[in-house]
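Colleague: I am sharing my_file.cif, which consists of mmCIF, C-alpha atoms and all ligand atoms:
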data_query
#
loop_
_atom_site.label_atom_id
_atom_site.label_comp_id
_atom_site.auth_asym_id
_atom_site.auth_seq_id
_atom_site.Cartn_x
_atom_site.Cartn_y
_atom_site.Cartn_z
CA MET X 1 21.12 3.57 -20.19
CA ASP X 2 18.53 1.48 -18.32
CA ALA X 3 15.98 2.96 -15.91
CA TYR X 4 17.97 1.89 -12.80
CA SER X 5 21.20 3.46 -13.99
CA GLU X 6 19.27 6.65 -14.76
CA LEU X 7 17.69 6.56 -11.30
CA LEU X 8 21.11 6.16 -9.67
CA LEU X 9 22.60 8.94 -11.76
CA TRP X 10 19.74 11.23 -10.81
CA ALA X 11 20.05 10.09 -7.17
CA SER X 12 23.74 11.02 -7.04
CA THR X 13 22.94 14.56 -8.25
CA LYS X 14 20.48 14.84 -5.35
CA GLY X 15 22.97 13.74 -2.71
CA ILE X 16 21.55 10.21 -2.30
CA LYS X 17 24.55 8.03 -1.38
CA LEU X 18 24.62 4.31 -2.09
CA ASP X 19 27.65 2.50 -0.74
CA GLY X 20 28.21 -1.13 -1.72
CA ILE X 21 24.64 -1.77 -2.90
CA GLU X 22 22.75 -1.65 -6.19
CA PRO X 23 19.20 -2.30 -7.39
CA ARG X 24 18.57 -5.48 -9.34
CA GLN X 25 15.61 -7.45 -10.68
CA ILE X 26 14.95 -10.35 -8.30
CA PRO X 27 12.74 -13.19 -9.59
CA GLY X 28 9.37 -13.11 -7.82
CA ARG X 29 10.14 -9.93 -5.88
CA GLY X 30 10.28 -7.20 -8.55
CA VAL X 31 13.31 -5.04 -7.89
CA GLY X 32 15.43 -5.48 -4.80
CA ILE X 33 18.72 -4.24 -3.42
CA VAL X 34 21.79 -6.47 -3.56
CA ALA X 35 25.29 -6.17 -2.15
CA ALA X 36 27.64 -4.99 -4.91
CA ARG X 37 30.60 -6.02 -2.72
CA ALA X 38 31.10 -7.60 0.69
CA ILE X 39 29.42 -5.42 3.33
CA LYS X 40 30.35 -5.27 7.01
CA THR X 41 27.92 -5.15 9.94
CA GLU X 42 26.80 -1.59 10.74
CA GLU X 43 28.20 -0.17 7.51
CA LYS X 44 26.08 2.70 6.21
CA ILE X 45 24.86 1.51 2.84
CA LEU X 46 22.34 4.22 1.95
CA GLN X 47 21.74 7.84 2.85
CA VAL X 48 18.74 9.70 1.51
CA PRO X 49 18.68 13.46 2.24
CA THR X 50 15.42 14.82 3.65
CA SER X 51 15.29 17.25 0.71
CA THR X 52 14.53 14.33 -1.66
CA LEU X 53 11.59 12.94 0.32
CA ARG X 54 8.09 13.10 -1.08
CA THR X 55 5.98 14.35 1.82
CA LEU X 56 2.78 16.14 2.67
CA GLU X 57 4.74 19.38 2.27
CA THR X 58 5.90 18.58 -1.27
CA VAL X 59 2.35 18.04 -2.56
CA PRO X 60 1.50 21.12 -4.67
CA SER X 61 -1.03 23.46 -3.11
CA ARG X 62 -3.19 23.24 -6.28
CA ILE X 63 -3.94 19.71 -5.01
CA THR X 64 -4.00 20.15 -1.23
CA LYS X 65 -6.18 23.27 -1.27
CA ARG X 66 -8.99 21.33 -2.96
CA LEU X 67 -8.89 18.37 -0.60
CA PRO X 68 -10.69 18.22 2.75
CA LYS X 69 -8.52 19.08 5.76
CA ASN X 70 -9.17 15.73 7.41
CA LEU X 71 -8.05 13.59 4.45
CA THR X 72 -5.37 11.07 5.44
CA VAL X 73 -1.76 11.74 4.40
CA HIS X 74 -1.97 8.41 2.58
CA GLY X 75 -4.93 9.78 0.61
CA ILE X 76 -3.15 13.06 -0.17
CA LEU X 77 0.11 11.43 -1.33
CA ALA X 78 -1.93 9.10 -3.55
CA ALA X 79 -3.78 12.08 -5.04
CA ASP X 80 -0.41 13.68 -5.77
CA LEU X 81 0.82 10.56 -7.59
CA ALA X 82 -2.43 10.02 -9.48
CA LEU X 83 -2.79 13.64 -10.58
CA ASP X 84 0.76 13.88 -11.82
CA PRO X 85 0.54 12.16 -15.22
CA SER X 86 3.60 13.88 -16.68
CA PRO X 87 5.80 13.99 -13.62
CA SER X 88 8.38 16.64 -13.06
CA LYS X 89 12.05 15.67 -13.47
CA LEU X 90 12.16 15.04 -9.75
CA TYR X 91 9.85 12.04 -9.99
CA ALA X 92 10.26 10.87 -13.58
CA ARG X 93 13.26 8.67 -12.69
CA TRP X 94 11.38 7.22 -9.76
CA ASN X 95 8.23 6.60 -11.81
CA ALA X 96 10.29 4.67 -14.36
CA VAL X 97 11.20 1.94 -11.85
CA ILE X 98 8.07 1.50 -9.75
CA PRO X 99 5.90 -1.60 -10.30
CA THR X 100 3.42 -1.38 -13.15
CA ARG X 101 -0.31 -1.32 -12.58
CA GLU X 102 -0.35 -4.90 -13.86
CA ASP X 103 2.14 -5.97 -11.14
CA VAL X 104 0.13 -4.23 -8.44
CA TRP X 105 -3.16 -5.71 -9.66
CA ASP X 106 -1.59 -9.13 -9.69
CA SER X 107 -0.33 -9.09 -6.13
CA MET X 108 -2.58 -6.86 -4.02
CA PRO X 109 -5.72 -8.66 -2.74
CA LEU X 110 -7.67 -5.37 -2.73
CA THR X 111 -7.85 -5.56 -6.54
CA TRP X 112 -8.70 -9.28 -6.69
CA ASP X 113 -11.96 -10.88 -7.77
CA ALA X 114 -14.42 -10.84 -4.83
CA GLN X 115 -14.83 -14.62 -5.05
CA LEU X 116 -11.10 -15.08 -4.62
CA GLN X 117 -10.95 -12.62 -1.72
CA GLU X 118 -13.34 -14.96 0.13
CA PHE X 119 -10.53 -17.53 0.16
CA LEU X 120 -8.28 -15.28 2.23
CA PRO X 121 -7.72 -16.47 5.80
CA ARG X 122 -9.85 -14.65 8.37
CA THR X 123 -7.14 -12.22 9.56
CA ALA X 124 -6.37 -11.19 5.99
CA ARG X 125 -10.09 -10.81 5.18
CA ASN X 126 -10.61 -8.56 8.20
CA LEU X 127 -7.60 -6.44 7.26
CA LEU X 128 -8.84 -6.23 3.69
CA ARG X 129 -12.26 -5.00 4.85
CA LYS X 130 -10.61 -2.18 6.83
CA GLN X 131 -8.28 -1.36 3.95
CA LEU X 132 -11.20 -1.12 1.53
CA ALA X 133 -13.13 1.19 3.90
CA LYS X 134 -10.07 3.42 4.23
CA PHE X 135 -9.55 3.50 0.48
CA GLU X 136 -13.21 4.29 -0.22
CA ARG X 137 -13.12 7.23 2.25
CA ASP X 138 -10.02 8.66 0.59
CA TRP X 139 -11.38 8.04 -2.90
CA ALA X 140 -14.74 9.68 -2.10
CA ALA X 141 -12.89 12.86 -1.04
CA VAL X 142 -10.59 12.91 -4.07
CA LYS X 143 -13.42 12.14 -6.51
CA THR X 144 -15.52 14.97 -5.11
CA ALA X 145 -12.60 17.41 -5.16
CA PHE X 146 -11.57 16.72 -8.75
CA SER X 147 -14.69 15.49 -10.53
CA HIS X 148 -15.61 18.90 -12.01
CA ASP X 149 -12.22 19.69 -13.41
CA ASP X 150 -11.45 18.54 -16.95
CA SER X 151 -7.77 19.34 -16.66
CA SER X 152 -7.12 17.03 -13.74
CA THR X 153 -9.65 14.22 -13.51
CA VAL X 154 -8.67 10.89 -12.12
CA SER X 155 -10.40 7.52 -12.46
CA ARG X 156 -10.98 5.15 -9.56
CA ASP X 157 -8.43 2.70 -10.98
CA ASP X 158 -5.80 5.44 -11.41
CA TYR X 159 -6.35 6.48 -7.83
CA LEU X 160 -6.36 2.90 -6.56
CA TYR X 161 -3.03 2.23 -8.29
CA ALA X 162 -1.50 5.34 -6.71
CA TRP X 163 -3.07 4.54 -3.32
CA LEU X 164 -1.61 1.02 -3.35
CA LEU X 165 1.82 2.34 -4.36
CA VAL X 166 1.70 4.62 -1.34
CA ASN X 167 0.48 1.70 0.79
CA THR X 168 3.45 -0.45 -0.13
CA ARG X 169 6.25 2.12 -0.37
CA THR X 170 6.02 4.60 2.51
CA PHE X 171 8.25 4.97 5.54
CA TYR X 172 7.43 6.25 9.01
CA HIS X 173 8.88 9.74 9.51
CA GLU X 174 8.68 12.07 12.48
CA THR X 175 9.33 15.80 12.35
CA GLU X 176 8.15 18.62 14.62
CA ARG X 177 5.36 19.10 12.09
CA THR X 178 4.31 15.46 11.64
CA LYS X 179 4.36 14.87 15.40
CA LYS X 180 1.14 16.92 15.46
CA LEU X 181 -0.47 14.34 13.16
CA SER X 182 -1.72 10.89 14.11
CA ARG X 183 0.91 8.13 13.94
CA ASP X 184 -0.63 6.69 10.78
CA ASP X 185 -0.22 10.06 9.06
CA ARG X 186 3.52 10.35 9.70
CA MET X 187 4.41 8.82 6.37
CA ILE X 188 6.69 9.83 3.54
CA MET X 189 8.00 8.31 0.34
CA GLN X 190 11.67 8.16 -0.48
CA PRO X 191 13.49 7.25 -3.67
CA VAL X 192 15.91 4.29 -3.79
CA ALA X 193 15.20 3.25 -0.17
CA ASP X 194 11.80 2.08 -1.41
CA LEU X 195 13.56 -0.56 -3.52
CA PHE X 196 14.49 -2.61 -0.47
CA ASN X 197 12.44 -5.78 -0.10
CA HIS X 198 11.29 -7.06 3.27
CA ALA X 199 12.58 -9.88 5.46
CA ASP X 200 11.56 -10.75 9.02
CA GLN X 201 14.85 -9.26 10.13
CA GLY X 202 16.70 -6.61 8.15
CA CYS X 203 18.99 -3.61 8.06
CA ASN X 204 18.60 -0.73 10.49
CA VAL X 205 16.59 2.20 9.20
CA SER X 206 16.92 5.51 11.04
CA PHE X 207 16.36 9.18 10.35
CA ASP X 208 17.42 12.54 11.71
CA PRO X 209 16.45 16.02 10.49
CA SER X 210 18.92 15.82 7.60
CA ALA X 211 18.54 12.29 6.19
CA PHE X 212 17.36 8.70 6.32
CA THR X 213 20.19 6.24 6.86
CA ILE X 214 20.17 2.50 6.27
CA ALA X 215 22.94 0.49 7.94
CA ALA X 216 23.75 -3.21 7.54
CA ASP X 217 22.41 -5.41 10.35
CA ARG X 218 25.00 -8.11 9.61
CA GLU X 219 27.67 -9.02 7.09
CA TYR X 220 26.52 -9.48 3.50
CA ALA X 221 28.41 -11.31 0.77
CA GLU X 222 28.68 -9.80 -2.70
CA GLY X 223 25.54 -10.62 -4.71
CA GLU X 224 23.39 -11.35 -1.64
CA GLU X 225 20.03 -9.56 -1.41
CA VAL X 226 19.97 -6.95 1.34
CA TYR X 227 16.65 -6.46 3.13
CA ILE X 228 15.00 -4.11 5.54
CA SER X 229 12.08 -5.10 7.78
CA TYR X 230 8.73 -3.40 7.23
CA GLY X 231 7.76 -4.46 10.77
CA ASN X 232 7.06 -7.61 12.79
CA HIS X 233 4.29 -8.71 10.47
CA SER X 234 2.48 -12.00 10.01
CA ASN X 235 2.05 -13.39 6.50
CA ASP X 236 -1.67 -12.50 6.52
CA PHE X 237 -0.67 -8.89 7.12
CA LEU X 238 2.07 -8.96 4.48
CA LEU X 239 -0.31 -10.51 1.96
CA THR X 240 -3.00 -7.88 2.47
CA GLU X 241 -0.81 -4.82 2.90
CA TYR X 242 2.12 -5.68 0.60
CA GLY X 243 0.93 -8.48 -1.71
CA PHE X 244 3.37 -11.25 -0.78
CA VAL X 245 4.10 -13.85 1.90
CA LEU X 246 7.47 -14.92 3.29
CA SER X 247 8.41 -18.58 3.30
CA GLU X 248 10.41 -18.05 6.52
CA ASN X 249 8.68 -15.64 8.89
CA ARG X 250 9.40 -15.65 12.62
CA TRP X 251 6.41 -13.30 13.16
CA ASP X 252 3.87 -15.48 11.42
CA GLU X 253 0.71 -16.46 13.25
CA VAL X 254 -2.67 -17.92 12.45
CA CYS X 255 -6.10 -16.90 13.73
CA LEU X 256 -8.03 -19.87 15.14
CA ASP X 257 -11.41 -18.11 15.42
CA ASP X 258 -12.91 -20.09 12.52
CA ALA X 259 -11.87 -23.29 14.29
CA LEU X 260 -12.82 -22.37 17.85
CA LEU X 261 -15.87 -20.13 17.72
CA PRO X 262 -18.16 -22.79 16.14
CA GLU X 263 -17.24 -25.14 19.03
CA LEU X 264 -18.54 -22.74 21.68
CA SER X 265 -22.15 -22.70 22.90
CA THR X 266 -24.04 -19.40 23.07
CA ARG X 267 -23.69 -19.49 26.87
CA GLN X 268 -19.93 -20.06 26.67
CA LYS X 269 -19.59 -17.20 24.18
CA GLY X 270 -21.48 -15.02 26.66
CA TYR X 271 -19.01 -15.88 29.48
CA LEU X 272 -16.08 -15.15 27.21
CA GLU X 273 -17.60 -11.91 26.01
CA GLU X 274 -18.20 -10.75 29.61
CA SER X 275 -14.61 -11.47 30.57
CA GLY X 276 -13.18 -9.89 27.40
CA PHE X 277 -11.91 -13.17 25.91
CA LEU X 278 -14.25 -13.74 22.97
CA GLY X 279 -12.37 -14.20 19.70
CA ASN X 280 -8.95 -13.22 18.43
CA TYR X 281 -7.48 -16.64 19.20
CA MET X 282 -3.95 -16.75 17.80
CA LEU X 283 -1.41 -19.49 17.25
CA ASP X 284 2.23 -19.08 16.33
CA ASP X 285 5.04 -21.59 15.92
CA LYS X 286 5.85 -21.55 19.64
CA THR X 287 2.72 -20.56 21.52
CA VAL X 288 -0.99 -21.05 21.80
CA CYS X 289 -2.08 -17.59 22.99
CA TYR X 290 -3.56 -17.02 26.43
CA ARG X 291 -6.96 -16.06 24.99
CA THR X 292 -7.11 -19.46 23.29
CA GLN X 293 -6.20 -21.17 26.56
CA VAL X 294 -9.04 -19.34 28.31
CA ALA X 295 -11.57 -20.48 25.68
CA LEU X 296 -10.29 -24.08 25.77
CA ARG X 297 -10.45 -24.20 29.57
CA LEU X 298 -14.05 -23.02 29.47
CA MET X 299 -14.86 -25.93 27.17
CA CYS X 300 -13.20 -28.58 29.28
CA THR X 301 -13.25 -27.54 32.98
CA PRO X 302 -16.07 -26.83 35.47
CA LEU X 303 -17.21 -23.20 35.46
CA ALA X 304 -15.89 -22.39 38.95
CA GLU X 305 -12.42 -23.65 38.03
CA TRP X 306 -12.53 -21.74 34.78
CA ARG X 307 -13.34 -18.54 36.68
CA ARG X 308 -10.37 -19.19 38.96
CA PHE X 309 -8.18 -19.68 35.90
CA VAL X 310 -9.38 -16.38 34.40
CA ASP X 311 -9.04 -14.47 37.68
CA PHE X 312 -5.73 -15.88 38.90
CA GLY X 313 -4.19 -17.38 35.78
CA ASP X 314 -3.10 -20.54 37.57
CA ASP X 315 -5.65 -23.23 38.47
CA ASP X 316 -3.39 -25.15 40.81
CA ASP X 317 -5.21 -25.33 44.15
CA GLY X 318 -2.13 -26.38 46.04
CA CYS X 319 -2.95 -30.12 45.97
CA GLY X 320 -0.44 -30.61 43.15
CA GLY X 321 -0.91 -31.90 39.65
CA ARG X 322 -4.18 -30.08 39.04
CA SER X 323 -2.78 -27.48 36.77
CA SER X 324 -1.14 -29.94 34.43
CA ARG X 325 -4.23 -32.21 34.43
CA HIS X 326 -6.40 -29.35 33.19
CA GLN X 327 -3.70 -28.32 30.74
CA ASP X 328 -3.57 -31.87 29.34
CA LYS X 329 -7.33 -31.78 28.79
CA ALA X 330 -7.12 -28.38 27.11
CA ASP X 331 -4.26 -29.62 24.90
CA ARG X 332 -6.19 -32.74 23.86
CA LEU X 333 -9.21 -30.61 23.01
CA LEU X 334 -7.06 -28.24 21.00
CA VAL X 335 -5.51 -31.12 19.06
CA SER X 336 -8.95 -32.36 18.00
CA ILE X 337 -10.03 -28.80 17.01
CA LEU X 338 -6.78 -28.30 15.09
CA ARG X 339 -7.23 -31.59 13.24
CA GLU X 340 -10.60 -30.35 11.98
CA TYR X 341 -9.12 -27.01 11.03
CA GLU X 342 -6.33 -28.77 9.18
CA MET X 343 -8.98 -30.62 7.14
CA LYS X 344 -10.52 -27.23 6.32
CA ALA X 345 -7.14 -25.90 5.18
CA MET X 346 -6.65 -28.96 2.98
CA LYS X 347 -10.13 -28.58 1.47
CA THR X 348 -9.43 -24.89 0.77
CA ILE X 349 -6.20 -25.84 -1.03
CA ARG X 350 -8.10 -28.45 -3.09
CA ASP X 351 -10.91 -25.98 -3.89
CA LEU X 352 -8.38 -23.39 -5.02
CA GLY X 353 -6.82 -25.98 -7.30
CA GLU X 354 -10.21 -26.52 -8.95
CA LEU X 355 -11.07 -22.84 -9.21
CA GLU X 356 -9.94 -22.24 -12.75
CA GLY X 357 -11.16 -19.01 -14.34
CA VAL X 358 -11.58 -17.07 -11.09
CA GLY X 359 -8.85 -14.44 -10.73
CA ARG X 360 -5.35 -15.06 -12.00
CA ALA X 361 -3.37 -18.29 -11.61
CA SER X 362 -0.67 -16.36 -9.69
CA GLN X 363 -3.28 -15.07 -7.23
CA ARG X 364 -4.69 -18.55 -6.65
CA ALA X 365 -1.14 -19.85 -6.21
CA MET X 366 -0.46 -17.17 -3.59
CA LEU X 367 -3.60 -18.18 -1.67
CA SER X 368 -2.67 -21.87 -1.86
CA GLN X 369 0.79 -21.05 -0.57
CA ARG X 370 -0.72 -19.19 2.38
CA TRP X 371 -3.08 -22.06 3.22
CA ARG X 372 -0.19 -24.56 2.97
CA GLN X 373 1.70 -22.42 5.48
CA ILE X 374 -1.32 -22.44 7.79
CA ARG X 375 -1.58 -26.19 7.44
CA GLY X 376 2.13 -26.54 8.24
CA LEU X 377 1.80 -24.42 11.38
CA ILE X 378 -1.19 -26.45 12.56
CA ASP X 379 0.62 -29.70 11.84
CA ARG X 380 3.69 -28.65 13.81
CA THR X 381 1.52 -27.55 16.74
CA ILE X 382 -0.30 -30.90 16.82
CA THR X 383 3.06 -32.71 16.82
CA ARG X 384 4.32 -30.47 19.63
CA LEU X 385 1.20 -30.92 21.75
CA GLU X 386 1.25 -34.68 21.31
CA SER X 387 4.93 -35.17 22.06
C1 LIG X 401 8.90 -1.07 -0.92
S1 LIG X 401 8.60 -2.06 -2.29
C2 LIG X 401 10.11 -2.92 -2.51
C3 LIG X 401 10.62 -2.86 -3.93
C4 LIG X 401 9.80 -3.64 -4.93
N1 LIG X 401 10.19 -5.02 -4.95
C5 LIG X 401 9.88 -3.06 -6.32
O1 LIG X 401 9.95 -3.83 -7.28
O2 LIG X 401 9.82 -1.85 -6.48
C6 LIG X 401 7.49 -3.21 -1.56
C7 LIG X 401 6.95 -4.26 -2.52
O3 LIG X 401 8.00 -5.15 -2.88
C8 LIG X 401 7.55 -6.49 -2.92
N2 LIG X 401 8.26 -7.23 -1.86
C9 LIG X 401 8.92 -6.74 -0.80
N3 LIG X 401 9.51 -7.70 -0.09
C10 LIG X 401 9.23 -8.85 -0.70
C11 LIG X 401 9.55 -10.21 -0.44
N4 LIG X 401 10.29 -10.58 0.59
N5 LIG X 401 9.07 -11.15 -1.28
C12 LIG X 401 8.30 -10.81 -2.35
N6 LIG X 401 7.95 -9.53 -2.65
C13 LIG X 401 8.43 -8.56 -1.84
C14 LIG X 401 6.06 -6.43 -2.67
O4 LIG X 401 5.42 -6.34 -3.91
C15 LIG X 401 5.90 -5.15 -1.90
O5 LIG X 401 4.61 -4.57 -2.02
#
Show this structure as structure tokens.
Ligand SMILES: C[S@@+](CC[C@H](N)C(=O)[O-])C[C@H]1O[C@@H](n2cnc3c(N)ncnc32)[C@H](O)[C@@H]1O

Modeller:
Amino acid sequence: MDAYSELLLWASTKGIKLDGIEPRQIPGRGVGIVAARAIKTEEKILQVPTSTLRTLETVPSRITKRLPKNLTVHGILAADLALDPSPSKLYARWNAVIPTREDVWDSMPLTWDAQLQEFLPRTARNLLRKQLAKFERDWAAVKTAFSHDDSSTVSRDDYLYAWLLVNTRTFYHETERTKKLSRDDRMIMQPVADLFNHADQGCNVSFDPSAFTIAADREYAEGEEVYISYGNHSNDFLLTEYGFVLSENRWDEVCLDDALLPELSTRQKGYLEESGFLGNYMLDDKTVCYRTQVALRLMCTPLAEWRRFVDFGDDDDGCGGRSSRHQDKADRLLVSILREYEMKAMKTIRDLGELEGVGRASQRAMLSQRWRQIRGLIDRTITRLES
């Protein structure tokens, strides 16, 4: 019997109900869940009883009592996974189907060569910096707690593997007890449900005190992959937090700070800082964000008019046509800035192509894919602004 059949057999003894779905290997996505028959909208396809969840409360006290009280739930769950080398029956079936360390190392930028990490787009790099700081805090606590114990030592790599599994496989869960914790700490792991891959729109996930339930968001044909949504995430977020990008992502956006900030004088940066508009300039497939508009206006309109724009939003003084004249100027300026940024994206793609020997080919390919997406978004925006 293969590991998935064993997992499902174990799941059925624990009251986990799959209806019309089954796990399957999906090229490029590890395991995923597919429709085993035609599924109707709103059909309940999975129920996972609360008793099977892996939570803060299921971590043995021999682990929790040695960890500092303020350690994150993420950090504690990872310690539980890492310090459980011969897992109890409860988790053995689950452990048999989770991605290998090799898979995790391949996809998660946190484990990549530092030189390759420098090629991440700005948003992803910033997220990675925060993720690393969070990991190092958790690891420092776990290392201190278990470093003097021969029976349960854990290496940094063991802990990192466990920490990244938790990062990519937890669900938000609220109970009377977890409501007392910060939002980020209301996380649990659940078997089978964690085999669903992500799409920018997916099945409905809900929970009550007795179970998690996943219900179809639309009709699915037999054999079709069934997704849930991990949230309204951009591809930079997905890449850093989950190790993949979507080719179709309605929530994707690109940070323009690297394109815009170098164009601003020190004085202009000061004005933007004072008014709370310095940096975090975002572009998606439909909109240039308001912060970007404010920075562009500062670059192409007299200061008094810019202040009016910031204070009142609209720079039309009632004479007609003014607003669109300024907007045209701002759009033209943005097009020229975007053209330069597009050149940078193309150079990054070329550089990645010549970067043999740094990191793995699959990691470089992932970065190139992301930069091609950025280039595409910029290109479409230029076309839109010029039409
Ligand atoms: C909750 S797990 C989903 C099950 C996972 N595919 C597995 O093999 O166990 C989340 C991980 O699945 C992968 N994943 C999820 N959605 C994906 C997608 N749309 N494309 C590629 N990989 C995806 C990523 O590696 C992510 O970190």

Colleague: Return the single residue from X:Val154, X:Leu261, X:Val254, X:Ile337 that is closest to Asp285 in chain X, with distances computed using only C-alpha atoms.

Modeller: X:Val254

Colleague: Could you tell me how far atom O2 of ligand LIG 401 (chain X) sits from CA of Ile98 in chain X, in Å to one decimal place?

Modeller: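 Atom-to-atom, CA of Ile98 in chain X and atom O2 of ligand LIG 401 (chain X) are spaced 5.0 Å apart.
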
Colleague: Name each residue within 6 Å of ligand LIG 401 (chain X), counting only C-alpha atoms and all ligand atoms, as an mmCIF file with C-alpha atoms, in the coordinates of the input.

Modeller:
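Okay, this is what ended up in out-v9.cif:
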data_model
loop_
_atom_site.group_PDB
_atom_site.id
_atom_site.type_symbol
_atom_site.label_atom_id
_atom_site.label_comp_id
_atom_site.auth_asym_id
_atom_site.auth_seq_id
_atom_site.Cartn_x
_atom_site.Cartn_y
_atom_site.Cartn_z
ATOM 1 C CA ARG X 29 10.140 -9.930 -5.880
ATOM 2 C CA GLY X 30 10.280 -7.200 -8.550
ATOM 3 C CA VAL X 31 13.310 -5.040 -7.890
ATOM 4 C CA GLY X 32 15.430 -5.480 -4.800
ATOM 5 C CA ILE X 98 8.070 1.500 -9.750
ATOM 6 C CA PRO X 99 5.900 -1.600 -10.300
ATOM 7 C CA THR X 168 3.450 -0.450 -0.130
ATOM 8 C CA ARG X 169 6.250 2.120 -0.370
ATOM 9 C CA ASP X 194 11.800 2.080 -1.410
ATOM 10 C CA LEU X 195 13.560 -0.560 -3.520
ATOM 11 C CA PHE X 196 14.490 -2.610 -0.470
ATOM 12 C CA ASN X 197 12.440 -5.780 -0.100
ATOM 13 C CA HIS X 198 11.290 -7.060 3.270
ATOM 14 C CA ALA X 199 12.580 -9.880 5.460
ATOM 15 C CA TYR X 242 2.120 -5.680 0.600
ATOM 16 C CA GLY X 243 0.930 -8.480 -1.710
ATOM 17 C CA PHE X 244 3.370 -11.250 -0.780
ATOM 18 C CA LEU X 246 7.470 -14.920 3.290
#

Colleague: Env of Leu56 in chain X: 8 Å cut, atoms = all atoms listed in the file, seq-sep filter 4 positions within chain, self excluded. Answer as a CSV table (one decimal) with C-alpha atoms, in the coordinates of the input.

Modeller:
chain,number,residue,atom,x,y,z
X,73,VAL,CA,-1.8,11.7,4.4
X,76,ILE,CA,-3.2,13.1,-0.2
X,77,LEU,CA,0.1,11.4,-1.3
X,188,ILE,CA,6.7,9.8,3.5

Colleague: Provide the CA of Thr100 in chain X to CA of Ala79 in chain X distance in Å, to one decimal place.

Modeller: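 Result for CA of Thr100 in chain X versus CA of Ala79 in chain X: 17.3 Å, one decimal.
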
Colleague: Could you write range 168-179 of chain X as a PDB file, in the coordinates of the input, with N, CA and C atoms rebuilt where they are missing?

Modeller:
ATOM      1  N   THR X 168       2.360   0.526  -0.168  1.00  0.00           N
ATOM      2  CA  THR X 168       3.450  -0.450  -0.130  1.00  0.00           C
ATOM      3  C   THR X 168       4.842   0.183  -0.110  1.00  0.00           C
ATOM      4  N   ARG X 169       4.920   1.517  -0.195  1.00  0.00           N
ATOM      5  CA  ARG X 169       6.250   2.120  -0.370  1.00  0.00           C
ATOM      6  C   ARG X 169       6.554   3.273   0.578  1.00  0.00           C
ATOM      7  N   THR X 170       5.750   3.458   1.626  1.00  0.00           N
ATOM      8  CA  THR X 170       6.020   4.600   2.510  1.00  0.00           C
ATOM      9  C   THR X 170       6.829   4.185   3.727  1.00  0.00           C
ATOM     10  N   PHE X 171       7.462   5.168   4.321  1.00  0.00           N
ATOM     11  CA  PHE X 171       8.250   4.970   5.540  1.00  0.00           C
ATOM     12  C   PHE X 171       7.678   5.873   6.637  1.00  0.00           C
ATOM     13  N   TYR X 172       7.820   5.420   7.862  1.00  0.00           N
ATOM     14  CA  TYR X 172       7.430   6.250   9.010  1.00  0.00           C
ATOM     15  C   TYR X 172       8.451   7.375   9.154  1.00  0.00           C
ATOM     16  N   HIS X 173       7.959   8.609   9.365  1.00  0.00           N
ATOM     17  CA  HIS X 173       8.880   9.740   9.510  1.00  0.00           C
ATOM     18  C   HIS X 173       8.303  10.740  10.498  1.00  0.00           C
ATOM     19  N   GLU X 174       9.137  11.121  11.468  1.00  0.00           N
ATOM     20  CA  GLU X 174       8.680  12.070  12.480  1.00  0.00           C
ATOM     21  C   GLU X 174       9.434  13.374  12.348  1.00  0.00           C
ATOM     22  N   THR X 175       8.700  14.480  12.286  1.00  0.00           N
ATOM     23  CA  THR X 175       9.330  15.800  12.350  1.00  0.00           C
ATOM     24  C   THR X 175       8.490  16.596  13.352  1.00  0.00           C
ATOM     25  N   GLU X 176       8.953  17.798  13.692  1.00  0.00           N
ATOM     26  CA  GLU X 176       8.150  18.620  14.620  1.00  0.00           C
ATOM     27  C   GLU X 176       6.738  18.772  14.054  1.00  0.00           C
ATOM     28  N   ARG X 177       6.663  18.894  12.710  1.00  0.00           N
ATOM     29  CA  ARG X 177       5.360  19.100  12.090  1.00  0.00           C
ATOM     30  C   ARG X 177       4.507  17.816  12.092  1.00  0.00           C
ATOM     31  N   THR X 178       5.124  16.688  11.721  1.00  0.00           N
ATOM     32  CA  THR X 178       4.310  15.460  11.640  1.00  0.00           C
ATOM     33  C   THR X 178       3.939  14.923  13.011  1.00  0.00           C
ATOM     34  N   LYS X 179       4.701  15.336  14.054  1.00  0.00           N
ATOM     35  CA  LYS X 179       4.360  14.870  15.400  1.00  0.00           C
ATOM     36  C   LYS X 179       2.962  15.357  15.814  1.00  0.00           C
TER      37      LYS X 179
END
